[in-house]
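Have a look at data27.cif below; it lists mmCIF, C-alpha atoms and all ligand atoms.
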```cif
data_structure
loop_
_atom_site.label_atom_id
_atom_site.label_comp_id
_atom_site.auth_asym_id
_atom_site.auth_seq_id
_atom_site.Cartn_x
_atom_site.Cartn_y
_atom_site.Cartn_z
CA MET Y 1 0.00 0.00 0.00
CA ILE Y 2 2.76 2.39 1.05
CA VAL Y 3 4.76 1.50 -2.08
CA ARG Y 4 1.73 2.32 -4.24
CA LYS Y 5 1.40 5.73 -2.57
CA TRP Y 6 5.08 6.43 -3.30
CA ILE Y 7 4.61 5.51 -6.94
CA VAL Y 8 1.51 7.75 -7.24
CA GLY Y 9 3.40 10.59 -5.51
CA ALA Y 10 6.38 10.23 -7.84
CA ALA Y 11 4.06 10.20 -10.88
CA VAL Y 12 2.32 13.40 -9.70
CA LEU Y 13 5.71 15.08 -9.15
CA ALA Y 14 6.91 13.96 -12.57
CA VAL Y 15 3.92 15.77 -14.09
CA ILE Y 16 4.03 18.89 -11.89
CA VAL Y 17 7.76 19.62 -12.04
CA PRO Y 18 8.10 19.93 -15.84
CA VAL Y 19 4.88 22.00 -16.02
CA SER Y 20 5.93 24.44 -13.33
CA SER Y 21 9.55 24.82 -14.39
CA GLY Y 22 9.14 24.22 -18.10
CA ALA Y 23 8.84 26.44 -21.14
CA ALA Y 24 6.79 29.30 -19.62
CA PRO Y 25 9.17 32.24 -19.24
CA LEU Y 26 7.82 33.01 -15.80
CA SER Y 27 10.15 31.01 -13.59
CA THR Y 28 12.57 32.19 -10.94
CA LEU Y 29 14.46 28.93 -11.50
CA GLU Y 30 15.38 29.83 -15.09
CA PRO Y 31 17.10 33.14 -14.41
CA ALA Y 32 17.76 35.54 -17.27
CA GLY Y 33 18.88 38.49 -15.17
CA VAL Y 34 21.55 39.34 -12.60
CA ASP Y 35 19.14 39.68 -9.65
CA ALA Y 36 17.12 36.64 -10.72
CA GLN Y 37 20.37 34.63 -10.73
CA ARG Y 38 21.15 35.81 -7.19
CA ILE Y 39 17.67 34.84 -6.03
CA ALA Y 40 17.95 31.43 -7.70
CA ASN Y 41 21.31 30.91 -5.96
CA PHE Y 42 19.74 31.71 -2.58
CA PHE Y 43 16.92 29.31 -3.35
CA TRP Y 44 19.29 26.43 -4.12
CA TRP Y 45 21.37 27.11 -0.99
CA MET Y 46 18.24 27.08 1.13
CA ALA Y 47 16.91 23.96 -0.62
CA ALA Y 48 20.24 22.20 0.07
CA ALA Y 49 20.13 23.23 3.76
CA ALA Y 50 16.54 22.00 4.01
CA ALA Y 51 17.57 18.70 2.39
CA VAL Y 52 20.33 18.26 5.01
CA VAL Y 53 17.83 18.84 7.83
CA TRP Y 54 15.35 16.47 6.24
CA CYS Y 55 17.96 13.70 5.86
CA ALA Y 56 19.18 14.23 9.44
CA ALA Y 57 15.62 13.99 10.79
CA LEU Y 58 14.98 10.79 8.80
CA GLY Y 59 18.29 9.33 9.97
CA PHE Y 60 17.42 10.09 13.57
CA LEU Y 61 14.01 8.50 13.10
CA ALA Y 62 15.58 5.36 11.63
CA TYR Y 63 18.05 5.21 14.53
CA CYS Y 64 15.21 5.45 17.07
CA LEU Y 65 13.19 2.73 15.34
CA ARG Y 66 16.10 0.26 15.07
CA ARG Y 67 17.75 0.85 18.44
CA PRO Y 68 17.12 -1.97 21.03
CA HIS Y 69 14.28 -1.12 23.37
CA ALA Y 70 14.81 -0.32 27.05
CA SER Y 71 18.53 0.13 26.70
CA GLY Y 72 20.10 2.04 29.54
CA THR Y 73 22.31 4.10 27.21
CA ALA Y 74 19.51 6.24 25.70
CA PRO Y 75 20.21 9.98 25.75
CA SER Y 76 18.04 11.93 28.14
CA PRO Y 77 14.94 13.59 26.54
CA ARG Y 78 16.15 17.00 27.71
CA ARG Y 79 19.44 16.52 25.84
CA VAL Y 80 17.59 15.50 22.67
CA ILE Y 81 15.32 18.56 22.88
CA VAL Y 82 18.16 21.00 23.60
CA THR Y 83 20.41 19.60 20.86
CA GLY Y 84 17.84 18.85 18.16
CA GLY Y 85 15.30 21.56 18.96
CA VAL Y 86 17.44 24.51 20.01
CA VAL Y 87 21.12 24.20 19.11
CA LEU Y 88 20.81 22.64 15.63
CA PRO Y 89 18.05 24.94 14.28
CA SER Y 90 19.79 28.00 15.76
CA VAL Y 91 23.07 27.14 14.04
CA LEU Y 92 21.36 26.41 10.72
CA LEU Y 93 19.23 29.56 10.79
CA ALA Y 94 22.25 31.65 11.80
CA VAL Y 95 24.21 30.28 8.85
CA LEU Y 96 21.33 30.91 6.40
CA ILE Y 97 20.52 34.40 7.72
CA GLY Y 98 24.20 35.34 7.98
CA GLY Y 99 24.71 34.20 4.39
CA ILE Y 100 21.67 36.02 2.96
CA VAL Y 101 20.91 39.22 4.92
CA PRO Y 102 24.19 41.02 4.07
CA HIS Y 103 23.34 40.51 0.37
CA THR Y 104 19.82 41.98 0.50
CA ASN Y 105 21.33 45.44 -0.07
CA ASP Y 106 22.54 44.20 -3.48
CA PHE Y 107 18.91 44.41 -4.60
CA VAL Y 108 18.27 47.95 -3.36
CA ASP Y 109 18.72 50.62 -5.94
CA THR Y 110 17.63 54.24 -5.68
CA ALA Y 111 20.12 56.00 -7.93
CA ALA Y 112 20.59 55.02 -11.54
CA ALA Y 113 24.15 54.38 -12.65
CA GLY Y 114 25.54 56.73 -15.31
CA ASP Y 115 24.61 54.96 -18.53
CA ALA Y 116 21.57 53.10 -17.19
CA LEU Y 117 18.42 53.22 -19.26
CA ARG Y 118 15.67 54.94 -17.28
CA VAL Y 119 12.09 53.75 -17.60
CA ARG Y 120 9.02 54.83 -15.66
CA VAL Y 121 6.27 52.30 -14.99
CA ALA Y 122 2.92 53.17 -13.42
CA GLY Y 123 0.30 50.70 -12.25
CA GLU Y 124 -3.13 51.53 -13.69
CA GLN Y 125 -6.52 49.78 -13.42
CA TRP Y 126 -5.53 47.23 -14.75
CA TRP Y 127 -2.64 47.77 -17.03
CA TRP Y 128 0.92 49.04 -17.02
CA ARG Y 129 1.84 52.49 -18.29
CA VAL Y 130 5.45 52.34 -19.49
CA GLN Y 131 7.35 55.51 -20.39
CA TYR Y 132 10.74 55.73 -22.09
CA PRO Y 133 12.80 58.75 -22.96
CA GLY Y 134 12.70 58.57 -26.75
CA ALA Y 135 14.90 60.00 -29.47
CA ASN Y 136 15.03 63.81 -29.94
CA GLY Y 137 13.31 64.52 -26.62
CA ALA Y 138 10.17 62.57 -27.53
CA GLU Y 139 8.51 60.61 -24.76
CA VAL Y 140 7.60 57.09 -25.78
CA GLU Y 141 4.66 55.60 -23.95
CA LEU Y 142 3.62 51.96 -24.15
CA ALA Y 143 1.16 49.74 -22.36
CA ASN Y 144 1.86 46.28 -20.97
CA HIS Y 145 5.12 46.04 -22.88
CA LEU Y 146 8.74 46.57 -21.91
CA ARG Y 147 11.71 46.24 -24.20
CA LEU Y 148 15.19 46.01 -22.73
CA PRO Y 149 18.70 45.87 -24.17
CA VAL Y 150 20.58 42.75 -23.06
CA GLY Y 151 23.65 43.30 -20.87
CA ARG Y 152 22.69 46.85 -19.95
CA THR Y 153 21.21 48.10 -16.69
CA THR Y 154 17.68 49.45 -16.80
CA HIS Y 155 16.62 51.59 -13.89
CA VAL Y 156 12.85 51.33 -13.39
CA GLU Y 157 10.98 54.01 -11.45
CA LEU Y 158 7.67 52.63 -10.20
CA SER Y 159 4.54 54.44 -9.09
CA SER Y 160 0.80 54.08 -8.71
CA ASP Y 161 -1.91 56.66 -8.17
CA ASN Y 162 -4.70 54.19 -7.37
CA VAL Y 163 -4.02 51.06 -5.31
CA ILE Y 164 -0.94 49.02 -4.42
CA HIS Y 165 0.39 46.94 -7.30
CA ALA Y 166 3.63 44.97 -7.40
CA PHE Y 167 5.96 44.78 -10.38
CA TRP Y 168 7.47 41.36 -10.96
CA VAL Y 169 9.40 39.81 -13.85
CA PRO Y 170 10.44 36.55 -12.18
CA SER Y 171 12.99 35.55 -14.82
CA ILE Y 172 14.87 38.85 -14.59
CA ALA Y 173 14.65 40.31 -11.07
CA GLY Y 174 12.88 40.37 -7.74
CA LYS Y 175 9.57 42.10 -7.18
CA ILE Y 176 8.70 45.38 -5.59
CA ASP Y 177 5.49 47.10 -4.48
CA MET Y 178 4.12 50.18 -6.23
CA ILE Y 179 2.67 52.28 -3.46
CA PRO Y 180 0.44 55.34 -4.01
CA GLY Y 181 2.25 58.48 -2.89
CA ARG Y 182 5.69 56.88 -3.07
CA THR Y 183 8.22 56.06 -5.73
CA THR Y 184 9.99 52.73 -5.63
CA TYR Y 185 12.87 51.55 -7.79
CA LEU Y 186 14.06 48.34 -9.32
CA THR Y 187 17.07 47.45 -11.43
CA LEU Y 188 16.70 45.09 -14.36
CA GLU Y 189 19.87 43.59 -15.81
CA PRO Y 190 18.89 40.98 -18.38
CA THR Y 191 21.61 38.50 -19.26
CA ARG Y 192 20.06 36.85 -22.33
CA THR Y 193 17.64 37.76 -25.08
CA GLY Y 194 14.12 36.40 -25.26
CA THR Y 195 10.54 37.19 -24.33
CA PHE Y 196 9.63 36.95 -20.67
CA ARG Y 197 6.44 37.50 -18.77
CA GLY Y 198 5.77 39.99 -16.03
CA VAL Y 199 2.87 40.01 -13.60
CA CYS Y 200 1.30 42.09 -10.89
CA ALA Y 201 2.20 40.35 -7.63
CA GLU Y 202 -0.12 42.21 -5.28
CA TYR Y 203 -3.88 41.68 -5.34
CA CYS Y 204 -5.21 44.99 -6.64
CA GLY Y 205 -8.79 44.35 -7.71
CA THR Y 206 -11.07 42.45 -10.08
CA SER Y 207 -8.64 42.07 -12.98
CA HIS Y 208 -5.45 41.69 -10.96
CA ALA Y 209 -4.77 38.31 -12.59
CA ARG Y 210 -5.06 39.91 -16.06
CA MET Y 211 -2.48 42.56 -15.22
CA THR Y 212 0.33 40.91 -17.14
CA PHE Y 213 2.95 42.29 -19.50
CA ASP Y 214 5.66 41.21 -21.88
CA VAL Y 215 9.33 41.92 -21.44
CA VAL Y 216 11.24 41.56 -24.69
CA VAL Y 217 15.01 41.50 -24.25
CA VAL Y 218 16.92 42.30 -27.45
CA GLU Y 219 20.46 43.10 -28.59
CA PRO Y 220 21.46 46.75 -27.93
CA ASP Y 221 21.46 47.59 -31.67
CA ASP Y 222 17.95 46.22 -32.07
CA PHE Y 223 16.88 48.22 -29.04
CA ASP Y 224 18.24 51.48 -30.50
CA ARG Y 225 16.42 50.83 -33.78
CA TRP Y 226 13.22 50.02 -31.92
CA ILE Y 227 13.28 53.11 -29.68
CA ALA Y 228 13.96 55.31 -32.74
CA ALA Y 229 10.94 53.79 -34.51
CA GLU Y 230 8.76 54.17 -31.40
CA SER Y 231 9.80 57.82 -31.06
CA ALA Y 232 8.36 58.64 -34.47
CA PRO Y 233 4.77 59.92 -34.64
CA ALA Y 234 2.04 57.65 -35.99
CA ARG Y 235 2.05 57.02 -39.73
CA PRO Y 236 -1.09 58.15 -41.56
CA PRO Y 237 -3.39 55.19 -42.31
CA ALA Y 238 -2.71 53.61 -45.70
CA SER Y 239 -5.68 51.33 -46.42
CA THR Y 240 -9.20 52.57 -47.12
CA GLY Y 241 -10.56 50.69 -44.10
CA ALA Y 242 -7.97 52.21 -41.77
CA ARG Y 243 -8.62 55.71 -43.14
CA ALA Y 244 -12.33 55.28 -42.34
CA GLY Y 245 -11.24 53.99 -38.93
CA ALA Y 246 -9.15 57.10 -38.28
CA VAL Y 247 -12.20 59.26 -39.00
CA ALA Y 248 -14.43 57.09 -36.77
CA PHE Y 249 -11.76 57.18 -34.04
CA ALA Y 250 -11.73 60.99 -34.11
CA GLU Y 251 -15.53 61.37 -34.35
CA SER Y 252 -16.20 58.92 -31.52
CA GLY Y 253 -14.10 60.90 -29.06
CA CYS Y 254 -11.45 58.17 -28.57
CA GLY Y 255 -8.84 60.95 -28.51
CA SER Y 256 -10.14 62.34 -25.23
CA CYS Y 257 -8.73 59.28 -23.43
CA HIS Y 258 -5.99 58.12 -25.82
CA THR Y 259 -3.00 59.73 -27.44
CA VAL Y 260 -1.95 58.99 -31.01
CA ARG Y 261 1.15 61.16 -31.49
CA GLY Y 262 1.01 63.18 -34.67
CA THR Y 263 -2.81 63.43 -34.59
CA ALA Y 264 -5.35 65.48 -32.63
CA ALA Y 265 -5.75 62.62 -30.12
CA VAL Y 266 -3.96 63.72 -26.94
CA GLY Y 267 -5.90 62.01 -24.08
CA VAL Y 268 -3.89 60.65 -21.19
CA ILE Y 269 -6.41 58.55 -19.26
CA GLY Y 270 -5.96 55.37 -21.29
CA PRO Y 271 -2.92 53.88 -23.02
CA ASP Y 272 -1.02 55.77 -25.72
CA LEU Y 273 -1.95 54.09 -29.01
CA THR Y 274 0.68 55.64 -31.31
CA HIS Y 275 2.22 52.25 -32.20
CA VAL Y 276 -0.33 49.92 -30.64
CA GLY Y 277 -0.48 47.67 -33.72
CA GLY Y 278 3.11 46.53 -33.18
CA ARG Y 279 2.62 45.59 -29.57
CA HIS Y 280 2.19 42.11 -28.21
CA GLY Y 281 -1.31 41.46 -26.96
CA GLN Y 282 -2.63 44.58 -28.71
CA GLY Y 283 -2.12 46.46 -25.45
CA VAL Y 284 -5.03 44.66 -23.88
CA GLY Y 285 -2.77 42.53 -21.72
CA LEU Y 286 -4.73 39.38 -22.43
CA PRO Y 287 -3.45 36.07 -23.76
CA HIS Y 288 -2.69 36.50 -27.46
CA ALA Y 289 -5.23 33.86 -28.50
CA SER Y 290 -8.12 35.97 -27.21
CA ASP Y 291 -6.87 39.15 -28.83
CA ASP Y 292 -9.79 40.44 -30.68
CA LEU Y 293 -9.70 44.18 -30.88
CA GLU Y 294 -13.29 44.49 -31.98
CA ALA Y 295 -14.54 42.38 -29.07
CA TRP Y 296 -12.43 44.58 -26.80
CA LEU Y 297 -13.90 47.80 -28.25
CA ARG Y 298 -17.43 46.43 -28.02
CA HIS Y 299 -17.31 45.35 -24.36
CA PRO Y 300 -13.92 45.84 -22.65
CA ASP Y 301 -15.47 44.67 -19.41
CA ASP Y 302 -16.08 41.18 -20.84
CA LEU Y 303 -12.36 40.68 -21.43
CA LYS Y 304 -11.05 42.62 -18.46
CA PRO Y 305 -13.70 43.00 -15.74
CA GLY Y 306 -13.57 46.39 -14.07
CA ALA Y 307 -11.61 48.04 -16.90
CA LEU Y 308 -12.19 51.79 -16.92
CA MET Y 309 -12.82 51.92 -20.69
CA PRO Y 310 -16.57 52.13 -21.41
CA PRO Y 311 -18.27 49.79 -23.93
CA PHE Y 312 -18.57 51.10 -27.50
CA ALA Y 313 -20.97 48.49 -28.91
CA ALA Y 314 -23.34 51.38 -29.74
CA LEU Y 315 -20.97 52.54 -32.50
CA GLY Y 316 -22.08 49.57 -34.58
CA ALA Y 317 -20.10 46.79 -36.21
CA PRO Y 318 -18.89 48.66 -39.35
CA ARG Y 319 -17.36 51.54 -37.38
CA LEU Y 320 -15.79 49.20 -34.80
CA HIS Y 321 -14.36 47.12 -37.64
CA ALA Y 322 -12.86 50.26 -39.19
CA ILE Y 323 -11.43 51.50 -35.86
CA ALA Y 324 -9.84 48.07 -35.29
CA ALA Y 325 -8.31 48.22 -38.79
CA TYR Y 326 -6.91 51.68 -37.99
CA LEU Y 327 -5.43 50.54 -34.66
CA ARG Y 328 -3.80 47.50 -36.28
CA GLU Y 329 -2.11 49.77 -38.80
CA LEU Y 330 -0.62 51.94 -36.04
CA ARG Y 331 2.74 50.22 -36.08
CU1 LIG D 1 -2.09 45.28 -10.07
CU2 LIG D 1 -2.48 43.25 -8.92
#
```
Here is a file; write its structure as structure tokens.
Amino acid sequence: MIVRKWIVGAAVLAVIVPVSSGAAPLSTLEPAGVDAQRIANFFWWMAAAAAVVWCAALGFLAYCLRRPHASGTAPSPRRVIVTGGVVLPSVLLAVLIGGIVPHTNDFVDTAAAGDALRVRVAGEQWWWRVQYPGANGAEVELANHLRLPVGRTTHVELSSDNVIHAFWVPSIAGKIDMIPGRTTYLTLEPTRTGTFRGVCAEYCGTSHARMTFDVVVVEPDDFDRWIAAESAPARPPASTGARAGAVAFAESGCGSCHTVRGTAAVGVIGPDLTHVGGRHGQGVGLPHASDDLEAWLRHPDDLKPGALMPPFAALGAPRLHAIAAYLRELR
């Protein structure tokens, strides 16, 4: 019976471990950043210490079970409690704390180093407003999308003017709270290219779980090209459908909440849409498979409950279709 339980347990572990540590770029155990590597190292040290304690406890148990009964040489219960319950845990905890606490300052960062890239991130309901200094003094604003040059330090300034959020890209660094009325900082130092996922790690309301973002780490040259392209104003729509969409966008008042640089739309309540068509997840922050801009425009609340954007189903299918075509062309 016991053997069968072990086999079932091993089978469950065999399924869980690859799923939780596998391909999803959301694992602290597959570090792709300097801080994430430090955290992973701490984890493995602590796991090794825990394994030692576990083996020692099992060994002690085995000794107790096999030892002849009623032998006069048994250690006194007080000695067992003092040694196993006080001295051993104190030494182990002292070693772990002594090894880790002095390094916690490595993660604190309030002043950006000279050539660090500076990015501001604000927690909104429920999306991420990301602001970069662009080329020629332009400010580049994105939603739910960060792009970082590999091997270079990015200094992130975090804020929130609504509730507490927490910024976390497990593969690249630790997490930190975004507290209304305060500014917090985090350093991201990606060590390899790729696309990673970020999440909000503090329950902040109805769509907290949908408050995700992409972090795309690229070569420095690719980053420079990208930021130059993002700094440019929106290109005028080329297709007939998108041109009709631009008109519908303007007439429907979308510009009072959204900015499209280079046009009359200068709203700042919602995300900047200047290059929304080139973004992952269309800026909605939902899994790519459910990206349907028209469905989003019709009833944002269906896809992201509690979203501040009102429903625009009343505009009718043809106008929504045209607006979606326009937004997709904003690349
Ligand atoms: Cu924002 Cu949870």
Please produce, as a Markdown table, a per-residue contact table for chain Y versus ligand LIG 1 (chain D) (criterion: any atom at most 7 Å away, all atoms listed in the file considered), showing the nearest atom pair and its distance in Å to one decimal, sorted by chain then residue number.
```
| residue | atom | partner | partner_atom | distance |
| --- | --- | --- | --- | --- |
| Y:Gly123 | CA | D:LIG1 | CU1 | 6.3 |
| Y:Trp126 | CA | D:LIG1 | CU1 | 6.1 |
| Y:Ile164 | CA | D:LIG1 | CU1 | 6.9 |
| Y:His165 | CA | D:LIG1 | CU1 | 4.1 |
| Y:Ala166 | CA | D:LIG1 | CU1 | 6.3 |
| Y:Cys200 | CA | D:LIG1 | CU2 | 4.4 |
| Y:Ala201 | CA | D:LIG1 | CU2 | 5.7 |
| Y:Glu202 | CA | D:LIG1 | CU2 | 4.5 |
| Y:Tyr203 | CA | D:LIG1 | CU2 | 4.2 |
| Y:Cys204 | CA | D:LIG1 | CU2 | 4.0 |
| Y:Gly205 | CA | D:LIG1 | CU2 | 6.5 |
| Y:His208 | CA | D:LIG1 | CU2 | 3.9 |
| Y:Ala209 | CA | D:LIG1 | CU2 | 6.6 |
| Y:Met211 | CA | D:LIG1 | CU1 | 5.8 |
```
Handout entry: Close residues, region 189-195 of chain Y itself excluded, 12 Å, all atoms listed in the file, min 6 positions apart in chain, as number ranges by chain
Key = Y: 23-26, 30-38, 107, 116-117, 145-156, 169-174, 213-220, 222-223, 280
Problem - Residues within 9 Å of region 304-321 of chain Y, all atoms listed in the file, excluding chain neighbours under 2 positions, as a PyMOL selection string - result: chain Y and resi 125-127+205-207+210+241+244-245+248-249+252+257+270+284-286+293-302+323-326
Practice task
Have a look at CA of Thr259 (chain Y) and CA of Thr183 (chain Y) and let me know their distance in Å, one decimal.
Solution key: 24.7 Å
Handout entry: Distance criterion (only C-alpha atoms): nearest to Ala322 (chain Y) out of Y:Pro237, Y:Gly114, Y:Pro75, Y:Gly99
Key =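 Smallest separation from Ala322 (chain Y) among the options: Y:Pro237.
The interatomic distance for the pair CA of Ala234 (chain Y) and CA of His275 (chain Y) works out to 6.6 Å.
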Centre and edge lengths of an axis-aligned box around all listed atoms of region 158-167 of chain Y, with 4 Å added on each side, are to be given in Å to one decimal, as JSON.
```
{"center_x": 1.5, "center_y": 50.7, "center_z": -7.4, "size_x": 20.4, "size_y": 19.9, "size_z": 14.0}
```
Completion exercise
Correct to one decimal, the distance CA of Leu273 (chain Y)-CA of Val199 (chain Y) is 21.4 Å
